[in-house]
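Here the structure comes first, spelled out in structure tokens, and everything after it is commentary.
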Amino acid sequence: MNNRLKAFAILPIAASLTFFGLQVVTSSVAATSSGSTPTDASTGATAATIEDCDWYLDGVEGEIALVAEDAMEYVGDDYTLSADNDGIEVYFSGTETEDERCSFYDDVMGAAVEVSWTTAAFTSTTDDSLDWDLGDALETSGVSSLDVTYSTPVGSSCDAAFTAGAVASITDPSASPIAPATITNTATGSFNPSALSGATFAKCSLAANYSVVLPGGRTPTSPGSSYVFTGPRLITTIVVNDPEE
Amino acid sequence: MEPLVFSQIANEKAKSMKKRVASTALLLAFLTVTSFGGINHTESVAAGLGISVRVIPGGNQVGQEAVGANKRMWMIVKQGDTRSREIQISSTSSISQLISFSIVDAVTINGVTSVGKTLNEANSWAQFSQNNFILQAGARKTVSMEISVPNGIGDKAVEAYLVASAESPKPSAQTNAQYSAVVKGQARFAHGLFLAVGDYEKFRVNFSIDDVKDTRRNGKKKLQIFINNKGLTPIAPSGDVTLQNADFPDLRFGPIRYLTARVNPESKAVFVVDLPEEVIPGRWKIFVKASQGNVTETKVFEKTLRFSKWFDILFNIGRVFVFIIGLILFRKSWHLFRGTSPAPQSLTKKARSFLRSLRERVNSKAKPENSQSRKIESDIDAEVERFLEEIRTRRKKASPKKASPKKASPKKASPKKASPKKARA
């Protein structure tokens with residue numbers, strides 16, 4: 001009986017201590033959970049008369065023709081075809097023109113450029129004797145893949161606020177997309193696009209290099225004629241960061 | 001002299017003619033080069049696809065201003081009802097583009113959400129005022145998106161992306177190379193879409209400002225605002241903070257405006273606001289305001305601001321210790337109540353007893369199953385039984401001899417019993 005009385009006496013102390021301690025545990029969880037990463041809020045004034053800031057994606061090639069750099073013909077050896085696209089631009093501005101004064105009107109959103117792809121085969125509509133799938137073995141070593149490299153082009157720049165650059169060796173159409181340029185909501189908020197003088201805007205220029213190897217060891221049905229192979233579609237998407245950071 | 005003069009004049013004319021021809025030729029060559037350059041430049045620009053999409057706040061969102069009155073594509077649509085939003089698509093390209101709209105799945109891989117490849121079911125509920133149309137170079141167009149949710153669809157929250165795709169309507173890559181591989185390109189603009197299917201009341205905006213805390217980051221004074229989204233719709237509230245010193249009420253700072261990122265339904269978030277360096281440590285009244293559409297929450301906190309990270313860390317460590325002590329007391333209380341002893345057992349003892357029990361369990365389970373081993377076992381048992389029987393019979397035979405001293409013991413005891421008699425005597 002005596003012990004039971006002791007137990008009842010200890011119980012409220014234990015409960016209050018646990019509750020007090022638990023508060024810090026839960027608040028720590030709230031502060032560190034993925035949904036609640038502390039986010040720097042930006043401060044500043046907004047003007048109601050200037051344009052709304054919007055994100056723009058520009059300079060994505062509608063079609064890219066990969067050709068042999070050294071003008072060599074296919075003679076049954078592994079045959080490299082490549083191309084460049086230097087003018088991909090990502091920026092926010094008040095209008096389609098870059099660096100137009102604007103405001104996000106208390107709703108700053110970052111952006112991410114994602115590149116995904118369809119199918120994994122190169123086919124010719126006229127003659128399928130040289131058709132190949134990405135992943136086919138090469139004559140030398142390895143497998144054929146569509147290699148895509150994103151970098152900042154010479155003479156252009158990508159703001160430090162961006163995480164820029166990406167490389168992909170595409171052999172599988174279901175693989176995850178790559179993100180050549182990303183800027184968070186917070187980093188976007190650090191720019192001052194509404195300033196009357198010295199307004200700042202986030203922008204990033206990207207250069208893309210594409211390369212694929214037509215595997216050797218094949219014989220064309222119509223030697224001497226031209227072959228145009230149609231490959232996967234590269235989808236360049238600018239995703240406005242609506243989801244939490 | 002005249003012919004000489006004439007010839008001189010003729011020579012000069014010829015020279016000036018040559019100069020003119022040369023300059024004209026140079027000019028023509030320059031123009032040709034620049035114009036070709038211009039054409040080349042135009043061609044390279046023309047190949048580029050470029051778009052932007054703006055979500056226009058409002059739309060047919062009567063009674064849902066808290067959700068729809070912003071640039072985010074958040075909608076609530078009741079089954080059997082229709083709601084609409086407007087979007088503006090603009091071209092940054094110098095060529096005509098084929099534009100199409102769709103709603104695609106949001107895919108999360110390793111915690112990163114990206115635009116999926118499959119159409120979301122909401123795509124079949126959506127009707128665009130214009131779809132699969134040609135957007136002229138540099139043009140803007142406003143398109144209305146109507147969402148009609150059919151009856152029979154259960155209440156749900158749909159996370160997806162509204163995607164505007166731009167393609168080149170005509171093949172543009174041309175090459176004289178004998179072998180070429182063509183990779184088609186597509187530019188897309190993806191805007192997050194949250195679609196709540198069900199009653200507005202169920203999905204009404206509901207959030208609270210739970211707490212504020214001082215902190216110091218990179219040497220700067222900051223205030224953390226804890227926001228709890230209790231509703232079923234996402235929010236991204238904005239607001240302001242005003243600080244008033246509790247001891248000197250005239251010392252005020254603010255309102256300091258702050259913005260937040262998206263807070264998912266039924267989750268908490270912390271946002272950090274920069275404070276002026278003039279905010280000195282001490283007791284402060286902190287007025288916090290947060291607005292999401294037409295819903296505004298305010299709260300006043302009275303806090304001692306210290307701006308010391310180490311204080312927070314030590315304080316939290318102390319609280320964790322208190323929590324552990326609380327748990328130990330709970331255990332003690334439990335054992336006192338049950339009348340059992342929470343005798344501490346060393347780890348090695350616990351490990352040994354665990355291993356022993358495990359071994360016993362394994363031994364009991366790992367008995368041989370085949371008949372031969374069973375026979376051997378029964379033979380051994382019989383042998384042991386026989387041996388024990390032999391011991392027992394030996395004991396029985398030996399027992400009468402051993403018993404005599406035991407029986408004799410009372411005799412030994414007799415002198416003790418006799419002693420009182422002697423004493424009486």
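So you can find residues: chains in the structure tokens are A, B, ... in the order shown, residues in each start at 1, and ligands are numbered from 1 in order.
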ask   = For chain B against chain A, which residues fall within 7 Å using only C-alpha atoms, given as a VMD selection string?
value = chain B and resid 47 to 52 54 92 to 93 167 to 168 171 to 173 177 to 192 238 256 to 263 267 to 273 316 319 to 320 322 to 323 326 to 327 329 to 330 333 to 334 336 to 337
request  = Using DSSP on the backbone, list every residue of stretch 245-370 of chain B that comes out as strand (DSSP E or B), and give them as JSON, numbers by chain.
outcome  = {"B": [245, 252, 253, 254, 255, 256, 257, 258, 263, 267, 268, 269, 270, 271, 272, 273, 274, 282, 283, 284, 285, 286, 287, 288, 289, 290, 291, 292, 295, 296, 297, 298, 299, 300, 301, 302, 303, 304, 305]}
Let's have the selection written as a short mmCIF file (atom, residue, chain, number, x, y, z; two decimals), in the first residue's frame, with N, CA and C atoms.
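Output below, filename part-v3.cif:
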```
data_model
loop_
_atom_site.label_atom_id
_atom_site.label_comp_id
_atom_site.auth_asym_id
_atom_site.auth_seq_id
_atom_site.Cartn_x
_atom_site.Cartn_y
_atom_site.Cartn_z
N ASN B 245 9.38 46.78 -27.16
CA ASN B 245 10.09 46.43 -25.95
C ASN B 245 9.14 46.48 -24.76
N ARG B 252 10.14 50.54 -30.63
CA ARG B 252 9.38 49.65 -31.52
C ARG B 252 10.13 49.43 -32.83
N PHE B 253 9.94 48.26 -33.40
CA PHE B 253 10.52 47.96 -34.72
C PHE B 253 9.43 47.30 -35.57
N GLY B 254 9.34 47.72 -36.81
CA GLY B 254 8.38 47.10 -37.71
C GLY B 254 7.29 48.05 -38.12
N PRO B 255 6.32 47.58 -38.88
CA PRO B 255 6.15 46.18 -39.28
C PRO B 255 7.21 45.72 -40.30
N ILE B 256 7.76 44.55 -40.03
CA ILE B 256 8.75 43.95 -40.93
C ILE B 256 8.02 42.88 -41.74
N ARG B 257 7.97 43.08 -43.03
CA ARG B 257 7.23 42.14 -43.88
C ARG B 257 8.01 40.85 -44.08
N TYR B 258 7.30 39.76 -44.18
CA TYR B 258 7.95 38.48 -44.46
C TYR B 258 7.11 37.66 -45.44
N VAL B 263 3.38 25.69 -47.44
CA VAL B 263 3.24 24.79 -46.30
C VAL B 263 2.19 23.75 -46.70
N SER B 267 0.58 20.18 -41.93
CA SER B 267 1.99 20.13 -41.56
C SER B 267 2.45 21.47 -41.01
N LYS B 268 3.60 21.41 -40.33
CA LYS B 268 4.12 22.62 -39.69
C LYS B 268 5.33 23.13 -40.46
N ALA B 269 5.59 24.41 -40.33
CA ALA B 269 6.76 24.98 -41.00
C ALA B 269 7.33 26.12 -40.17
N VAL B 270 8.61 26.36 -40.36
CA VAL B 270 9.29 27.45 -39.66
C VAL B 270 9.85 28.41 -40.71
N PHE B 271 9.61 29.68 -40.54
CA PHE B 271 10.15 30.68 -41.46
C PHE B 271 10.96 31.70 -40.66
N VAL B 272 11.99 32.17 -41.27
CA VAL B 272 12.93 33.05 -40.57
C VAL B 272 12.84 34.47 -41.11
N VAL B 273 12.70 35.42 -40.20
CA VAL B 273 12.61 36.83 -40.57
C VAL B 273 13.85 37.55 -40.05
N ASP B 274 14.46 38.36 -40.90
CA ASP B 274 15.62 39.17 -40.47
C ASP B 274 15.15 40.26 -39.52
N GLY B 282 16.38 41.10 -24.49
CA GLY B 282 15.48 41.57 -23.43
C GLY B 282 14.08 41.06 -23.67
N ARG B 283 13.15 41.61 -22.89
CA ARG B 283 11.75 41.16 -22.99
C ARG B 283 11.03 42.01 -24.05
N TRP B 284 10.40 41.33 -24.99
CA TRP B 284 9.74 42.02 -26.10
C TRP B 284 8.32 41.48 -26.30
N LYS B 285 7.45 42.40 -26.72
CA LYS B 285 6.11 41.99 -27.17
C LYS B 285 6.21 41.86 -28.69
N ILE B 286 5.83 40.70 -29.20
CA ILE B 286 5.99 40.46 -30.64
C ILE B 286 4.60 40.25 -31.26
N PHE B 287 4.24 41.13 -32.16
CA PHE B 287 2.94 41.04 -32.84
C PHE B 287 3.19 40.39 -34.20
N VAL B 288 2.57 39.25 -34.42
CA VAL B 288 2.77 38.54 -35.69
C VAL B 288 1.45 38.49 -36.45
N LYS B 289 1.52 38.81 -37.73
CA LYS B 289 0.33 38.75 -38.59
C LYS B 289 0.66 37.86 -39.78
N ALA B 290 -0.24 36.97 -40.15
CA ALA B 290 -0.04 36.10 -41.32
C ALA B 290 -1.35 36.05 -42.10
N SER B 291 -1.27 36.27 -43.40
CA SER B 291 -2.47 36.26 -44.24
C SER B 291 -2.34 35.27 -45.37
N GLN B 292 -3.40 34.54 -45.59
CA GLN B 292 -3.50 33.65 -46.74
C GLN B 292 -4.81 34.00 -47.43
N VAL B 295 -7.98 35.19 -45.43
CA VAL B 295 -7.89 34.68 -44.05
C VAL B 295 -6.64 35.27 -43.40
N THR B 296 -6.83 35.98 -42.31
CA THR B 296 -5.70 36.59 -41.60
C THR B 296 -5.68 36.11 -40.16
N GLU B 297 -4.52 35.71 -39.71
CA GLU B 297 -4.33 35.29 -38.32
C GLU B 297 -3.35 36.25 -37.66
N THR B 298 -3.64 36.64 -36.42
CA THR B 298 -2.70 37.48 -35.67
C THR B 298 -2.45 36.86 -34.30
N LYS B 299 -1.30 37.11 -33.76
CA LYS B 299 -0.99 36.60 -32.43
C LYS B 299 0.06 37.49 -31.78
N VAL B 300 -0.08 37.68 -30.45
CA VAL B 300 0.89 38.48 -29.70
C VAL B 300 1.65 37.55 -28.76
N PHE B 301 2.96 37.63 -28.80
CA PHE B 301 3.80 36.82 -27.91
C PHE B 301 4.60 37.78 -27.03
N GLU B 302 4.83 37.38 -25.79
CA GLU B 302 5.75 38.14 -24.95
C GLU B 302 6.92 37.23 -24.66
N LYS B 303 8.06 37.57 -25.18
CA LYS B 303 9.21 36.65 -25.12
C LYS B 303 10.48 37.39 -24.68
N THR B 304 11.36 36.63 -24.06
CA THR B 304 12.69 37.17 -23.77
C THR B 304 13.59 36.77 -24.92
N LEU B 305 14.04 37.74 -25.66
CA LEU B 305 14.91 37.46 -26.81
C LEU B 305 16.36 37.50 -26.34
#
```
message = Just the number, please: distance in Å from atom CA of B:Thr175 to atom CA of A:Asn209, one decimal.
response = 17.3 Å
request  = Could you tell me, as a PyMOL selection string, which residues of stretch 64-191 of chain A DSSP assigns to alpha helix (DSSP H) when given the backbone?
outcome  = chain A and resi 185-189
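Counting only C-alpha atoms and comparing B:Phe248, B:Phe133, B:Phe128, B:Phe203, the residue that lies closest to B:Ser96 is B:Phe133.
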request  = Do a neighbour search on A:Phe201 at 8 Å with only C-alpha atoms, toss out local chain neighbours closer than 4 positions, and write the hits as a ChimeraX atom specification.
outcome  = /A:91-93,99,191-193
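If you look at atom CA of B:Glu201 and atom CA of B:Ile87, they are 26.0 Å away from each other.
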request  = Could you tell me which of A:Ser144, A:Thr152, A:Ser103, A:Thr126 comes closest to A:Pro215 if we count only C-alpha atoms?
outcome  = A:Ser144
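Separating atom CA of A:Ala181 from atom CA of A:Gly155 is a distance of 17.6 Å.
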task = Show which residues sit within 9 Å of stretch 117-126 of chain B, as number ranges by chain. Count only C-alpha atoms, and ignore same-chain residues fewer than 3 positions away.
result = A: 116; B: 102-107, 145-150, 158, 160-162, 195
Could you save the residues just selected, with N, CA and C atoms, as a PDB file, in the first residue's frame?
```
ATOM      1  N   SER A 116      13.948  15.717 -69.529  1.00  0.00           N
ATOM      2  CA  SER A 116      13.573  14.297 -69.582  1.00  0.00           C
ATOM      3  C   SER A 116      13.567  13.865 -71.046  1.00  0.00           C
TER       4      SER A 116
ATOM      5  N   SER B 102      -1.898  20.372 -70.774  1.00  0.00           N
ATOM      6  CA  SER B 102      -2.319  19.090 -70.165  1.00  0.00           C
ATOM      7  C   SER B 102      -2.039  19.145 -68.667  1.00  0.00           C
ATOM      8  N   ILE B 103      -2.668  18.226 -67.950  1.00  0.00           N
ATOM      9  CA  ILE B 103      -2.396  18.093 -66.503  1.00  0.00           C
ATOM     10  C   ILE B 103      -1.714  16.749 -66.310  1.00  0.00           C
ATOM     11  N   VAL B 104      -0.488  16.787 -65.825  1.00  0.00           N
ATOM     12  CA  VAL B 104       0.274  15.536 -65.671  1.00  0.00           C
ATOM     13  C   VAL B 104       0.572  15.269 -64.195  1.00  0.00           C
ATOM     14  N   ASP B 105       0.916  14.030 -63.926  1.00  0.00           N
ATOM     15  CA  ASP B 105       1.193  13.609 -62.547  1.00  0.00           C
ATOM     16  C   ASP B 105       2.426  14.298 -61.986  1.00  0.00           C
ATOM     17  N   ALA B 106       2.419  14.479 -60.689  1.00  0.00           N
ATOM     18  CA  ALA B 106       3.631  14.909 -59.976  1.00  0.00           C
ATOM     19  C   ALA B 106       4.265  13.640 -59.409  1.00  0.00           C
ATOM     20  N   VAL B 107       5.523  13.427 -59.726  1.00  0.00           N
ATOM     21  CA  VAL B 107       6.207  12.200 -59.293  1.00  0.00           C
ATOM     22  C   VAL B 107       7.284  12.563 -58.272  1.00  0.00           C
ATOM     23  N   MET B 145      -9.146  27.724 -68.095  1.00  0.00           N
ATOM     24  CA  MET B 145      -9.168  26.284 -67.798  1.00  0.00           C
ATOM     25  C   MET B 145     -10.350  25.998 -66.872  1.00  0.00           C
ATOM     26  N   GLU B 146     -11.260  25.186 -67.344  1.00  0.00           N
ATOM     27  CA  GLU B 146     -12.442  24.824 -66.544  1.00  0.00           C
ATOM     28  C   GLU B 146     -12.258  23.419 -66.022  1.00  0.00           C
ATOM     29  N   ILE B 147     -12.495  23.250 -64.739  1.00  0.00           N
ATOM     30  CA  ILE B 147     -12.417  21.902 -64.159  1.00  0.00           C
ATOM     31  C   ILE B 147     -13.826  21.505 -63.733  1.00  0.00           C
ATOM     32  N   SER B 148     -14.312  20.426 -64.290  1.00  0.00           N
ATOM     33  CA  SER B 148     -15.634  19.899 -63.916  1.00  0.00           C
ATOM     34  C   SER B 148     -15.432  18.504 -63.339  1.00  0.00           C
ATOM     35  N   VAL B 149     -15.681  18.383 -62.050  1.00  0.00           N
ATOM     36  CA  VAL B 149     -15.490  17.077 -61.409  1.00  0.00           C
ATOM     37  C   VAL B 149     -16.807  16.301 -61.480  1.00  0.00           C
ATOM     38  N   PRO B 150     -16.770  15.121 -62.078  1.00  0.00           N
ATOM     39  CA  PRO B 150     -18.023  14.363 -62.192  1.00  0.00           C
ATOM     40  C   PRO B 150     -18.514  13.868 -60.838  1.00  0.00           C
ATOM     41  N   VAL B 158      -5.656  16.380 -55.086  1.00  0.00           N
ATOM     42  CA  VAL B 158      -4.829  15.969 -56.237  1.00  0.00           C
ATOM     43  C   VAL B 158      -3.623  16.904 -56.352  1.00  0.00           C
ATOM     44  N   ALA B 160      -0.653  17.758 -58.819  1.00  0.00           N
ATOM     45  CA  ALA B 160      -0.265  17.516 -60.213  1.00  0.00           C
ATOM     46  C   ALA B 160       0.427  18.760 -60.772  1.00  0.00           C
ATOM     47  N   TYR B 161       0.674  18.748 -62.051  1.00  0.00           N
ATOM     48  CA  TYR B 161       1.268  19.916 -62.724  1.00  0.00           C
ATOM     49  C   TYR B 161       0.424  20.293 -63.930  1.00  0.00           C
ATOM     50  N   LEU B 162       0.211  21.586 -64.080  1.00  0.00           N
ATOM     51  CA  LEU B 162      -0.389  22.088 -65.318  1.00  0.00           C
ATOM     52  C   LEU B 162       0.792  22.362 -66.249  1.00  0.00           C
ATOM     53  N   LEU B 195      -5.490  20.465 -56.570  1.00  0.00           N
ATOM     54  CA  LEU B 195      -6.932  20.401 -56.801  1.00  0.00           C
ATOM     55  C   LEU B 195      -7.578  19.589 -55.689  1.00  0.00           C
TER      56      LEU B 195
END
```
request  = Go through A:Asp78, A:Asp70, A:Asp128, A:Glu100 one by one, measure the shortest atom-to-atom distance of each to A:Glu51 using only C-alpha atoms, and give the residue with the smallest value.
outcome  = A:Glu100
